[in-house]
$ cat structure13.cif   # mmCIF, N, CA and C atoms
data_start
loop_
_atom_site.label_atom_id
_atom_site.label_comp_id
_atom_site.auth_asym_id
_atom_site.auth_seq_id
_atom_site.Cartn_x
_atom_site.Cartn_y
_atom_site.Cartn_z
N MET Y 1 17.48 5.82 -4.25
CA MET Y 1 16.45 6.81 -4.43
C MET Y 1 15.12 6.25 -3.95
N THR Y 2 14.37 7.04 -3.24
CA THR Y 2 13.08 6.63 -2.70
C THR Y 2 12.07 6.38 -3.82
N ALA Y 3 11.31 5.30 -3.67
CA ALA Y 3 10.23 4.98 -4.60
C ALA Y 3 8.96 4.72 -3.79
N LEU Y 4 7.83 4.96 -4.42
CA LEU Y 4 6.53 4.70 -3.82
C LEU Y 4 5.88 3.58 -4.62
N TYR Y 5 5.51 2.50 -3.93
CA TYR Y 5 4.87 1.35 -4.57
C TYR Y 5 3.41 1.30 -4.11
N ILE Y 6 2.50 1.19 -5.07
CA ILE Y 6 1.07 1.11 -4.77
C ILE Y 6 0.56 -0.26 -5.20
N ASP Y 7 0.03 -1.01 -4.24
CA ASP Y 7 -0.68 -2.25 -4.54
C ASP Y 7 -2.05 -1.79 -5.01
N ALA Y 8 -2.21 -1.65 -6.33
CA ALA Y 8 -3.30 -0.85 -6.90
C ALA Y 8 -4.66 -1.52 -6.94
N ASP Y 9 -4.72 -2.82 -6.87
CA ASP Y 9 -6.03 -3.47 -6.91
C ASP Y 9 -6.84 -3.04 -5.69
N ALA Y 10 -7.97 -2.44 -5.92
CA ALA Y 10 -8.88 -1.96 -4.87
C ALA Y 10 -8.26 -0.89 -3.98
N CYS Y 11 -7.33 -0.12 -4.49
CA CYS Y 11 -6.72 0.96 -3.72
C CYS Y 11 -7.52 2.25 -3.92
N PRO Y 12 -8.11 2.79 -2.84
CA PRO Y 12 -8.94 3.99 -2.99
C PRO Y 12 -8.17 5.31 -2.96
N VAL Y 13 -6.84 5.25 -2.86
CA VAL Y 13 -6.07 6.49 -2.68
C VAL Y 13 -4.97 6.67 -3.74
N LYS Y 14 -5.16 6.10 -4.92
CA LYS Y 14 -4.14 6.22 -5.97
C LYS Y 14 -3.92 7.68 -6.37
N ALA Y 15 -5.00 8.41 -6.58
CA ALA Y 15 -4.87 9.81 -7.02
C ALA Y 15 -4.19 10.66 -5.95
N GLU Y 16 -4.53 10.44 -4.70
CA GLU Y 16 -3.91 11.20 -3.62
C GLU Y 16 -2.42 10.88 -3.52
N ALA Y 17 -2.09 9.59 -3.65
CA ALA Y 17 -0.69 9.18 -3.59
C ALA Y 17 0.11 9.81 -4.73
N GLU Y 18 -0.49 9.88 -5.91
CA GLU Y 18 0.19 10.49 -7.06
C GLU Y 18 0.49 11.96 -6.80
N LYS Y 19 -0.46 12.68 -6.21
CA LYS Y 19 -0.23 14.10 -5.91
C LYS Y 19 0.93 14.29 -4.94
N VAL Y 20 0.97 13.49 -3.89
CA VAL Y 20 2.04 13.60 -2.89
C VAL Y 20 3.37 13.18 -3.50
N ALA Y 21 3.40 12.10 -4.25
CA ALA Y 21 4.64 11.64 -4.89
C ALA Y 21 5.18 12.69 -5.86
N THR Y 22 4.29 13.32 -6.61
CA THR Y 22 4.70 14.36 -7.55
C THR Y 22 5.30 15.55 -6.82
N ARG Y 23 4.67 15.95 -5.74
CA ARG Y 23 5.18 17.07 -4.95
C ARG Y 23 6.59 16.79 -4.42
N HIS Y 24 6.84 15.52 -4.09
CA HIS Y 24 8.16 15.13 -3.56
C HIS Y 24 9.13 14.68 -4.66
N ARG Y 25 8.65 14.67 -5.91
CA ARG Y 25 9.47 14.23 -7.05
C ARG Y 25 9.97 12.79 -6.85
N VAL Y 26 9.06 11.92 -6.42
CA VAL Y 26 9.37 10.52 -6.13
C VAL Y 26 8.72 9.65 -7.20
N LYS Y 27 9.48 8.68 -7.70
CA LYS Y 27 8.96 7.72 -8.68
C LYS Y 27 7.89 6.86 -8.01
N MET Y 28 6.76 6.68 -8.69
CA MET Y 28 5.64 5.90 -8.15
C MET Y 28 5.32 4.75 -9.10
N TYR Y 29 5.24 3.56 -8.54
CA TYR Y 29 4.89 2.36 -9.31
C TYR Y 29 3.48 1.93 -8.91
N VAL Y 30 2.57 1.90 -9.86
CA VAL Y 30 1.19 1.48 -9.63
C VAL Y 30 1.08 0.07 -10.20
N VAL Y 31 0.99 -0.92 -9.32
CA VAL Y 31 1.11 -2.32 -9.72
C VAL Y 31 -0.23 -3.03 -9.60
N SER Y 32 -0.66 -3.66 -10.70
CA SER Y 32 -1.91 -4.43 -10.69
C SER Y 32 -1.87 -5.46 -11.82
N ASN Y 33 -2.92 -6.25 -11.90
CA ASN Y 33 -2.98 -7.23 -13.00
C ASN Y 33 -3.89 -6.73 -14.12
N GLY Y 34 -4.11 -5.43 -14.18
CA GLY Y 34 -4.85 -4.85 -15.30
C GLY Y 34 -6.04 -4.04 -14.86
N GLY Y 35 -6.68 -3.43 -15.85
CA GLY Y 35 -7.89 -2.68 -15.59
C GLY Y 35 -7.69 -1.26 -15.09
N LEU Y 36 -6.47 -0.76 -15.16
CA LEU Y 36 -6.21 0.61 -14.70
C LEU Y 36 -5.89 1.51 -15.88
N ARG Y 37 -6.31 2.74 -15.77
CA ARG Y 37 -5.97 3.74 -16.77
C ARG Y 37 -4.59 4.31 -16.41
N PRO Y 38 -3.62 4.20 -17.32
CA PRO Y 38 -2.28 4.72 -17.01
C PRO Y 38 -2.29 6.24 -16.82
N SER Y 39 -1.44 6.70 -15.93
CA SER Y 39 -1.31 8.13 -15.68
C SER Y 39 -0.39 8.74 -16.74
N GLN Y 40 -0.63 10.00 -17.05
CA GLN Y 40 0.24 10.72 -17.99
C GLN Y 40 1.44 11.33 -17.27
N ASN Y 41 1.46 11.24 -15.96
CA ASN Y 41 2.54 11.79 -15.14
C ASN Y 41 3.83 11.00 -15.41
N PRO Y 42 4.92 11.68 -15.77
CA PRO Y 42 6.17 10.96 -16.06
C PRO Y 42 6.78 10.30 -14.82
N LEU Y 43 6.36 10.68 -13.63
CA LEU Y 43 6.87 10.05 -12.42
C LEU Y 43 6.10 8.78 -12.05
N VAL Y 44 5.01 8.51 -12.75
CA VAL Y 44 4.16 7.37 -12.43
C VAL Y 44 4.31 6.30 -13.51
N GLU Y 45 4.69 5.11 -13.06
CA GLU Y 45 4.80 3.98 -13.98
C GLU Y 45 3.73 2.96 -13.61
N THR Y 46 2.87 2.64 -14.57
CA THR Y 46 1.86 1.62 -14.37
C THR Y 46 2.46 0.28 -14.74
N VAL Y 47 2.46 -0.64 -13.79
CA VAL Y 47 3.04 -1.97 -14.00
C VAL Y 47 1.90 -2.98 -14.03
N ILE Y 48 1.72 -3.62 -15.17
CA ILE Y 48 0.69 -4.65 -15.31
C ILE Y 48 1.39 -6.01 -15.25
N VAL Y 49 1.03 -6.78 -14.23
CA VAL Y 49 1.63 -8.10 -14.05
C VAL Y 49 0.67 -9.15 -14.58
N PRO Y 50 1.17 -10.35 -14.88
CA PRO Y 50 0.29 -11.43 -15.36
C PRO Y 50 -0.74 -11.81 -14.29
N ASP Y 51 -1.88 -12.36 -14.76
CA ASP Y 51 -2.87 -12.87 -13.82
C ASP Y 51 -2.26 -13.99 -12.99
N GLY Y 52 -2.73 -14.12 -11.81
CA GLY Y 52 -2.25 -15.18 -10.93
C GLY Y 52 -2.27 -14.71 -9.49
N PRO Y 53 -2.33 -15.66 -8.58
CA PRO Y 53 -2.40 -15.29 -7.17
C PRO Y 53 -1.12 -14.59 -6.71
N ASP Y 54 -1.29 -13.44 -6.14
CA ASP Y 54 -0.19 -12.68 -5.50
C ASP Y 54 0.95 -12.27 -6.43
N VAL Y 55 0.73 -12.22 -7.74
CA VAL Y 55 1.79 -11.82 -8.67
C VAL Y 55 2.17 -10.36 -8.45
N ALA Y 56 1.17 -9.49 -8.28
CA ALA Y 56 1.46 -8.07 -8.03
C ALA Y 56 2.19 -7.92 -6.69
N ASP Y 57 1.77 -8.68 -5.70
CA ASP Y 57 2.42 -8.62 -4.39
C ASP Y 57 3.89 -9.03 -4.50
N MET Y 58 4.15 -10.11 -5.22
CA MET Y 58 5.54 -10.57 -5.37
C MET Y 58 6.38 -9.53 -6.10
N TRP Y 59 5.80 -8.87 -7.11
CA TRP Y 59 6.54 -7.85 -7.86
C TRP Y 59 6.98 -6.74 -6.92
N ILE Y 60 6.08 -6.28 -6.07
CA ILE Y 60 6.39 -5.21 -5.12
C ILE Y 60 7.40 -5.70 -4.08
N ALA Y 61 7.15 -6.85 -3.49
CA ALA Y 61 8.02 -7.38 -2.43
C ALA Y 61 9.45 -7.61 -2.93
N ASP Y 62 9.60 -8.00 -4.19
CA ASP Y 62 10.92 -8.25 -4.75
C ASP Y 62 11.71 -6.97 -5.01
N ARG Y 63 11.05 -5.82 -5.06
CA ARG Y 63 11.72 -4.58 -5.44
C ARG Y 63 11.85 -3.54 -4.31
N CYS Y 64 10.95 -3.58 -3.36
CA CYS Y 64 10.97 -2.54 -2.32
C CYS Y 64 12.08 -2.82 -1.31
N GLY Y 65 12.48 -1.75 -0.64
CA GLY Y 65 13.51 -1.90 0.38
C GLY Y 65 13.63 -0.64 1.21
N ARG Y 66 14.74 -0.54 1.89
CA ARG Y 66 14.98 0.61 2.78
C ARG Y 66 14.88 1.91 1.97
N GLY Y 67 14.17 2.87 2.52
CA GLY Y 67 14.01 4.15 1.85
C GLY Y 67 12.80 4.22 0.94
N ASP Y 68 12.06 3.12 0.80
CA ASP Y 68 10.86 3.10 -0.04
C ASP Y 68 9.61 3.12 0.84
N VAL Y 69 8.49 3.47 0.22
CA VAL Y 69 7.19 3.46 0.90
C VAL Y 69 6.26 2.60 0.07
N VAL Y 70 5.51 1.74 0.74
CA VAL Y 70 4.56 0.84 0.09
C VAL Y 70 3.17 1.12 0.64
N ILE Y 71 2.19 1.23 -0.26
CA ILE Y 71 0.78 1.42 0.12
C ILE Y 71 0.05 0.13 -0.22
N THR Y 72 -0.50 -0.52 0.80
CA THR Y 72 -1.22 -1.77 0.58
C THR Y 72 -2.18 -2.04 1.72
N GLY Y 73 -3.21 -2.78 1.41
CA GLY Y 73 -4.13 -3.30 2.42
C GLY Y 73 -3.91 -4.79 2.63
N ASP Y 74 -2.96 -5.36 1.89
CA ASP Y 74 -2.65 -6.78 1.95
C ASP Y 74 -1.63 -7.02 3.07
N ILE Y 75 -2.06 -7.66 4.13
CA ILE Y 75 -1.22 -7.80 5.32
C ILE Y 75 0.00 -8.70 5.07
N PRO Y 76 -0.13 -9.85 4.40
CA PRO Y 76 1.08 -10.64 4.12
C PRO Y 76 2.10 -9.87 3.27
N LEU Y 77 1.63 -9.11 2.27
CA LEU Y 77 2.54 -8.28 1.50
C LEU Y 77 3.20 -7.24 2.40
N ALA Y 78 2.42 -6.62 3.25
CA ALA Y 78 2.96 -5.61 4.17
C ALA Y 78 4.07 -6.22 5.03
N ALA Y 79 3.88 -7.44 5.50
CA ALA Y 79 4.89 -8.09 6.33
C ALA Y 79 6.20 -8.28 5.56
N LYS Y 80 6.10 -8.70 4.31
CA LYS Y 80 7.30 -8.87 3.48
C LYS Y 80 8.00 -7.55 3.25
N CYS Y 81 7.24 -6.49 3.02
CA CYS Y 81 7.83 -5.17 2.77
C CYS Y 81 8.48 -4.60 4.02
N VAL Y 82 7.84 -4.78 5.17
CA VAL Y 82 8.44 -4.33 6.43
C VAL Y 82 9.75 -5.08 6.65
N GLU Y 83 9.74 -6.38 6.40
CA GLU Y 83 10.96 -7.18 6.55
C GLU Y 83 12.07 -6.69 5.62
N ALA Y 84 11.71 -6.20 4.44
CA ALA Y 84 12.69 -5.69 3.48
C ALA Y 84 13.19 -4.29 3.85
N GLY Y 85 12.57 -3.67 4.86
CA GLY Y 85 13.02 -2.36 5.31
C GLY Y 85 12.20 -1.20 4.81
N ALA Y 86 11.15 -1.46 4.04
CA ALA Y 86 10.30 -0.38 3.52
C ALA Y 86 9.34 0.11 4.60
N GLN Y 87 8.88 1.34 4.46
CA GLN Y 87 7.80 1.85 5.28
C GLN Y 87 6.50 1.45 4.61
N VAL Y 88 5.52 1.01 5.39
CA VAL Y 88 4.27 0.51 4.83
C VAL Y 88 3.10 1.25 5.46
N LEU Y 89 2.18 1.68 4.59
CA LEU Y 89 0.95 2.33 5.03
C LEU Y 89 -0.26 1.60 4.46
N LYS Y 90 -1.29 1.49 5.29
CA LYS Y 90 -2.58 1.02 4.79
C LYS Y 90 -3.29 2.22 4.17
N HIS Y 91 -4.39 1.98 3.48
CA HIS Y 91 -5.12 3.03 2.78
C HIS Y 91 -5.68 4.10 3.72
N ASN Y 92 -5.87 3.75 4.97
CA ASN Y 92 -6.41 4.72 5.93
C ASN Y 92 -5.31 5.47 6.68
N GLY Y 93 -4.05 5.27 6.28
CA GLY Y 93 -2.94 5.97 6.90
C GLY Y 93 -2.28 5.22 8.04
N GLU Y 94 -2.81 4.08 8.43
CA GLU Y 94 -2.21 3.30 9.51
C GLU Y 94 -0.86 2.75 9.06
N ALA Y 95 0.16 3.01 9.86
CA ALA Y 95 1.50 2.51 9.55
C ALA Y 95 1.63 1.07 10.04
N LEU Y 96 2.20 0.22 9.20
CA LEU Y 96 2.51 -1.15 9.59
C LEU Y 96 4.03 -1.22 9.74
N THR Y 97 4.47 -1.58 10.93
CA THR Y 97 5.90 -1.55 11.26
C THR Y 97 6.33 -2.89 11.83
N SER Y 98 7.62 -3.01 12.07
CA SER Y 98 8.12 -4.24 12.69
C SER Y 98 7.54 -4.42 14.09
N ALA Y 99 7.14 -3.32 14.73
CA ALA Y 99 6.57 -3.39 16.08
C ALA Y 99 5.14 -3.91 16.10
N ASN Y 100 4.38 -3.70 15.01
CA ASN Y 100 2.96 -4.10 15.05
C ASN Y 100 2.56 -5.14 14.01
N ILE Y 101 3.42 -5.46 13.06
CA ILE Y 101 3.00 -6.35 11.96
C ILE Y 101 2.66 -7.76 12.45
N GLY Y 102 3.34 -8.24 13.49
CA GLY Y 102 3.03 -9.57 14.03
C GLY Y 102 1.62 -9.65 14.56
N ASN Y 103 1.21 -8.64 15.33
CA ASN Y 103 -0.15 -8.61 15.86
C ASN Y 103 -1.18 -8.46 14.75
N VAL Y 104 -0.88 -7.65 13.75
CA VAL Y 104 -1.82 -7.45 12.64
C VAL Y 104 -1.98 -8.75 11.85
N LEU Y 105 -0.88 -9.47 11.62
CA LEU Y 105 -0.96 -10.77 10.94
C LEU Y 105 -1.77 -11.78 11.75
N ALA Y 106 -1.53 -11.81 13.06
CA ALA Y 106 -2.25 -12.76 13.92
C ALA Y 106 -3.75 -12.45 13.92
N THR Y 107 -4.11 -11.19 13.97
CA THR Y 107 -5.52 -10.80 13.95
C THR Y 107 -6.16 -11.18 12.62
N ARG Y 108 -5.42 -10.96 11.53
CA ARG Y 108 -5.93 -11.33 10.20
C ARG Y 108 -6.20 -12.83 10.15
N ASP Y 109 -5.25 -13.63 10.63
CA ASP Y 109 -5.41 -15.09 10.61
C ASP Y 109 -6.58 -15.53 11.48
N LEU Y 110 -6.72 -14.92 12.66
CA LEU Y 110 -7.83 -15.25 13.54
C LEU Y 110 -9.17 -14.96 12.88
N MET Y 111 -9.28 -13.78 12.25
CA MET Y 111 -10.54 -13.42 11.59
C MET Y 111 -10.84 -14.35 10.42
N THR Y 112 -9.81 -14.78 9.70
CA THR Y 112 -10.00 -15.74 8.61
C THR Y 112 -10.56 -17.04 9.15
N ASP Y 113 -10.01 -17.51 10.28
CA ASP Y 113 -10.50 -18.74 10.90
C ASP Y 113 -11.94 -18.59 11.38
N LEU Y 114 -12.24 -17.45 11.98
CA LEU Y 114 -13.62 -17.23 12.46
C LEU Y 114 -14.61 -17.21 11.31
N ARG Y 115 -14.25 -16.57 10.21
CA ARG Y 115 -15.16 -16.54 9.05
C ARG Y 115 -15.34 -17.94 8.47
N ALA Y 116 -14.27 -18.74 8.47
CA ALA Y 116 -14.37 -20.10 7.94
C ALA Y 116 -15.24 -20.98 8.84
N ALA Y 117 -15.20 -20.75 10.14
CA ALA Y 117 -15.97 -21.56 11.08
C ALA Y 117 -17.45 -21.20 11.09
N ASP Y 118 -17.79 -19.98 10.68
CA ASP Y 118 -19.18 -19.52 10.70
C ASP Y 118 -19.55 -18.99 9.33
N PRO Y 119 -20.12 -19.84 8.48
CA PRO Y 119 -20.43 -19.41 7.11
C PRO Y 119 -21.46 -18.28 7.05
N PHE Y 120 -22.17 -18.00 8.15
CA PHE Y 120 -23.15 -16.94 8.16
C PHE Y 120 -22.57 -15.60 8.58
N ARG Y 121 -21.32 -15.62 9.04
CA ARG Y 121 -20.66 -14.37 9.43
C ARG Y 121 -20.36 -13.58 8.16
N GLN Y 122 -20.88 -12.39 8.10
CA GLN Y 122 -20.68 -11.56 6.93
C GLN Y 122 -19.51 -10.62 7.16
N GLY Y 123 -18.85 -10.21 6.07
CA GLY Y 123 -17.73 -9.27 6.15
C GLY Y 123 -18.15 -7.98 6.82
N GLY Y 124 -18.62 -7.02 6.06
CA GLY Y 124 -19.16 -5.80 6.64
C GLY Y 124 -18.15 -4.87 7.25
N GLY Y 125 -16.96 -4.77 6.66
CA GLY Y 125 -15.99 -3.79 7.15
C GLY Y 125 -16.55 -2.39 7.01
N LYS Y 126 -15.98 -1.47 7.78
CA LYS Y 126 -16.48 -0.10 7.72
C LYS Y 126 -16.06 0.57 6.41
N GLY Y 127 -16.84 1.54 5.99
CA GLY Y 127 -16.58 2.25 4.74
C GLY Y 127 -15.38 3.18 4.84
N PHE Y 128 -14.88 3.57 3.70
CA PHE Y 128 -13.73 4.48 3.61
C PHE Y 128 -14.25 5.91 3.70
N THR Y 129 -13.77 6.67 4.69
CA THR Y 129 -14.32 8.00 4.97
C THR Y 129 -13.36 9.12 4.56
N LYS Y 130 -13.87 10.35 4.60
CA LYS Y 130 -13.02 11.52 4.36
C LYS Y 130 -11.92 11.60 5.41
N ALA Y 131 -12.24 11.22 6.63
CA ALA Y 131 -11.23 11.23 7.71
C ALA Y 131 -10.12 10.23 7.40
N ASP Y 132 -10.47 9.05 6.85
CA ASP Y 132 -9.46 8.07 6.45
C ASP Y 132 -8.56 8.65 5.37
N ARG Y 133 -9.16 9.31 4.40
CA ARG Y 133 -8.40 9.91 3.30
C ARG Y 133 -7.44 10.99 3.84
N SER Y 134 -7.92 11.79 4.76
CA SER Y 134 -7.10 12.83 5.35
C SER Y 134 -5.94 12.24 6.15
N ARG Y 135 -6.23 11.20 6.95
CA ARG Y 135 -5.17 10.52 7.71
C ARG Y 135 -4.13 9.92 6.77
N PHE Y 136 -4.61 9.35 5.65
CA PHE Y 136 -3.69 8.77 4.69
C PHE Y 136 -2.75 9.84 4.13
N LEU Y 137 -3.31 10.96 3.70
CA LEU Y 137 -2.49 12.02 3.12
C LEU Y 137 -1.43 12.51 4.10
N ASP Y 138 -1.81 12.70 5.35
CA ASP Y 138 -0.86 13.14 6.37
C ASP Y 138 0.22 12.08 6.60
N ALA Y 139 -0.19 10.82 6.71
CA ALA Y 139 0.76 9.74 6.94
C ALA Y 139 1.72 9.57 5.76
N LEU Y 140 1.21 9.68 4.54
CA LEU Y 140 2.07 9.54 3.36
C LEU Y 140 3.08 10.68 3.30
N GLU Y 141 2.64 11.87 3.59
CA GLU Y 141 3.55 13.03 3.61
C GLU Y 141 4.69 12.78 4.59
N ARG Y 142 4.36 12.36 5.81
CA ARG Y 142 5.39 12.09 6.82
C ARG Y 142 6.29 10.93 6.41
N SER Y 143 5.70 9.88 5.85
CA SER Y 143 6.49 8.71 5.45
C SER Y 143 7.47 9.02 4.34
N LEU Y 144 7.03 9.78 3.34
CA LEU Y 144 7.94 10.14 2.24
C LEU Y 144 9.07 11.02 2.73
N ARG Y 145 8.77 11.96 3.61
CA ARG Y 145 9.84 12.80 4.17
C ARG Y 145 10.85 11.95 4.94
N SER Y 146 10.33 11.03 5.74
CA SER Y 146 11.19 10.15 6.54
C SER Y 146 12.02 9.23 5.65
N ALA Y 147 11.38 8.64 4.63
CA ALA Y 147 12.08 7.73 3.72
C ALA Y 147 13.19 8.43 2.98
N LYS Y 148 12.92 9.64 2.51
CA LYS Y 148 13.95 10.40 1.77
C LYS Y 148 15.12 10.75 2.68
N SER Y 149 14.87 10.95 3.95
CA SER Y 149 15.96 11.33 4.86
C SER Y 149 16.81 10.14 5.27
N THR Y 150 16.31 8.89 5.07
CA THR Y 150 17.09 7.71 5.46
C THR Y 150 18.12 7.33 4.41
N LEU Y 151 18.04 7.91 3.24
CA LEU Y 151 18.98 7.54 2.17
C LEU Y 151 20.20 8.44 2.16
#

$ encode --input "structure13.cif" --output "C-alpha cells"
Amino acid sequence: MTALYIDADACPVKAEAEKVATRHRVKMYVVSNGGLRPSQNPLVETVIVPDGPDVADMWIADRCGRGDVVITGDIPLAAKCVEAGAQVLKHNGEALTSANIGNVLATRDLMTDLRAADPFRQGGGKGFTKADRSRFLDALERSLRSAKSTL
C-alpha cells in the first residue's frame, strides 16, 4: 500500500500534502524530532523520533520503498529513498530520481565546500513562493497517482 513520508522539520508544505494524501486515501507519516502539532486526521500519523543527527532521516529511509512517496529537502535522505525505490519530491515540486540524484548530490557537496572555503559567503537561498507551492501540489498529485499504479 502506498504511503507518503514527510521529512517534517522545516517543511513548508505539510498542510498541502495532508490534503492531497487525504483525497487519495493514503497513509501519511509526518516525521520529526518534536515541536509539531499532531493532526486529527486518522490518515496522518505524527512520528516523533529521538533527538540526534539524522534520526528522522533514518526512520524514513528504513521504511520507504517502491510505491511510496517521500517529501524532503534533505539530499542525502532523498538519495537513500530513491535507491529504495520511492518517488521523491522536494518542497518546490522538483522530482529527485535515479537520473538526477547524482548531479544534485554533487552540487550539494560542491556548495558545501565553497561555503567552507569562504566564511563570508552567505546562504541567501530564494524564498518559497506561491508558484513553488502550486508546482508542489501538481507534482504530489502526479506522484501519488503514479505510485498507486505501481503496486

$ closest_residue --input "structure13.cif" --among "Y:Gly127, Y:Gly52, Y:Gly35, Y:Gly67" --to "Ser146 (chain Y)" --atoms "only C-alpha atoms"
Y:Gly67

$ residues_near_point --input "structure13.cif" --point "(2.6, 1.3, -10.8)" --cutoff "6 Å" --atoms "all atoms listed in the file" --output "PyMOL selection string"
chain Y and resi 6+28-32+44-47

$ resolve_selection --input "structure13.cif" --expression "the PyMOL selection byres ((chain Y and resi 9-14) around 7)" --output "NGL selection string"
:Y and (6-8 or 15-19 or 31-33 or 91)

$ residues_around --input "structure13.cif" --residues "region 62-66 of chain Y" --least-positions-apart "6" --cutoff "5 Å" --atoms "all atoms listed in the file" --output "PyMOL selection string"
chain Y and resi 84-86

$ resolve_selection --input "structure13.cif" --expression "the PyMOL selection byres (((chain Y and resi 61 and name CA) around 10) and name CA)" --output "PDB file with N, CA and C atoms, in the frame of the given file"
ATOM      1  N   TYR Y   5       5.510   2.500  -3.930  1.00  0.00           N
ATOM      2  CA  TYR Y   5       4.870   1.350  -4.570  1.00  0.00           C
ATOM      3  C   TYR Y   5       3.410   1.300  -4.110  1.00  0.00           C
ATOM      4  N   VAL Y  55       0.730 -12.220  -7.740  1.00  0.00           N
ATOM      5  CA  VAL Y  55       1.790 -11.820  -8.670  1.00  0.00           C
ATOM      6  C   VAL Y  55       2.170 -10.360  -8.450  1.00  0.00           C
ATOM      7  N   ALA Y  56       1.170  -9.490  -8.280  1.00  0.00           N
ATOM      8  CA  ALA Y  56       1.460  -8.070  -8.030  1.00  0.00           C
ATOM      9  C   ALA Y  56       2.190  -7.920  -6.690  1.00  0.00           C
ATOM     10  N   ASP Y  57       1.770  -8.680  -5.700  1.00  0.00           N
ATOM     11  CA  ASP Y  57       2.420  -8.620  -4.390  1.00  0.00           C
ATOM     12  C   ASP Y  57       3.890  -9.030  -4.500  1.00  0.00           C
ATOM     13  N   MET Y  58       4.150 -10.110  -5.220  1.00  0.00           N
ATOM     14  CA  MET Y  58       5.540 -10.570  -5.370  1.00  0.00           C
ATOM     15  C   MET Y  58       6.380  -9.530  -6.100  1.00  0.00           C
ATOM     16  N   TRP Y  59       5.800  -8.870  -7.110  1.00  0.00           N
ATOM     17  CA  TRP Y  59       6.540  -7.850  -7.860  1.00  0.00           C
ATOM     18  C   TRP Y  59       6.980  -6.740  -6.920  1.00  0.00           C
ATOM     19  N   ILE Y  60       6.080  -6.280  -6.070  1.00  0.00           N
ATOM     20  CA  ILE Y  60       6.390  -5.210  -5.120  1.00  0.00           C
ATOM     21  C   ILE Y  60       7.400  -5.700  -4.080  1.00  0.00           C
ATOM     22  N   ASP Y  62       9.600  -8.000  -4.190  1.00  0.00           N
ATOM     23  CA  ASP Y  62      10.920  -8.250  -4.750  1.00  0.00           C
ATOM     24  C   ASP Y  62      11.710  -6.970  -5.010  1.00  0.00           C
ATOM     25  N   ARG Y  63      11.050  -5.820  -5.060  1.00  0.00           N
ATOM     26  CA  ARG Y  63      11.720  -4.580  -5.440  1.00  0.00           C
ATOM     27  C   ARG Y  63      11.850  -3.540  -4.310  1.00  0.00           C
ATOM     28  N   CYS Y  64      10.950  -3.580  -3.360  1.00  0.00           N
ATOM     29  CA  CYS Y  64      10.970  -2.540  -2.320  1.00  0.00           C
ATOM     30  C   CYS Y  64      12.080  -2.820  -1.310  1.00  0.00           C
ATOM     31  N   GLY Y  65      12.480  -1.750  -0.640  1.00  0.00           N
ATOM     32  CA  GLY Y  65      13.510  -1.900   0.380  1.00  0.00           C
ATOM     33  C   GLY Y  65      13.630  -0.640   1.210  1.00  0.00           C
ATOM     34  N   VAL Y  70       5.510   1.740   0.740  1.00  0.00           N
ATOM     35  CA  VAL Y  70       4.560   0.840   0.090  1.00  0.00           C
ATOM     36  C   VAL Y  70       3.170   1.120   0.640  1.00  0.00           C
ATOM     37  N   LEU Y  77       1.630  -9.110   2.270  1.00  0.00           N
ATOM     38  CA  LEU Y  77       2.540  -8.280   1.500  1.00  0.00           C
ATOM     39  C   LEU Y  77       3.200  -7.240   2.400  1.00  0.00           C
ATOM     40  N   ALA Y  78       2.420  -6.620   3.250  1.00  0.00           N
ATOM     41  CA  ALA Y  78       2.960  -5.610   4.170  1.00  0.00           C
ATOM     42  C   ALA Y  78       4.070  -6.220   5.030  1.00  0.00           C
ATOM     43  N   ALA Y  79       3.880  -7.440   5.500  1.00  0.00           N
ATOM     44  CA  ALA Y  79       4.890  -8.090   6.330  1.00  0.00           C
ATOM     45  C   ALA Y  79       6.200  -8.280   5.560  1.00  0.00           C
ATOM     46  N   LYS Y  80       6.100  -8.700   4.310  1.00  0.00           N
ATOM     47  CA  LYS Y  80       7.300  -8.870   3.480  1.00  0.00           C
ATOM     48  C   LYS Y  80       8.000  -7.550   3.250  1.00  0.00           C
ATOM     49  N   CYS Y  81       7.240  -6.490   3.020  1.00  0.00           N
ATOM     50  CA  CYS Y  81       7.830  -5.170   2.770  1.00  0.00           C
ATOM     51  C   CYS Y  81       8.480  -4.600   4.020  1.00  0.00           C
ATOM     52  N   VAL Y  82       7.840  -4.780   5.170  1.00  0.00           N
ATOM     53  CA  VAL Y  82       8.440  -4.330   6.430  1.00  0.00           C
ATOM     54  C   VAL Y  82       9.750  -5.080   6.650  1.00  0.00           C
ATOM     55  N   GLU Y  83       9.740  -6.380   6.400  1.00  0.00           N
ATOM     56  CA  GLU Y  83      10.960  -7.180   6.550  1.00  0.00           C
ATOM     57  C   GLU Y  83      12.070  -6.690   5.620  1.00  0.00           C
ATOM     58  N   ALA Y  84      11.710  -6.200   4.440  1.00  0.00           N
ATOM     59  CA  ALA Y  84      12.690  -5.690   3.480  1.00  0.00           C
ATOM     60  C   ALA Y  84      13.190  -4.290   3.850  1.00  0.00           C
ATOM     61  N   ALA Y  86      11.150  -1.460   4.040  1.00  0.00           N
ATOM     62  CA  ALA Y  86      10.300  -0.380   3.520  1.00  0.00           C
ATOM     63  C   ALA Y  86       9.340   0.110   4.600  1.00  0.00           C
TER      64      ALA Y  86
END

$ resolve_selection --input "structure13.cif" --expression "the PyMOL selection byres ((chain Y and resi 130-142) around 7)" --output "PyMOL selection string"
chain Y and resi 16+20+90-94+128-129+143-147
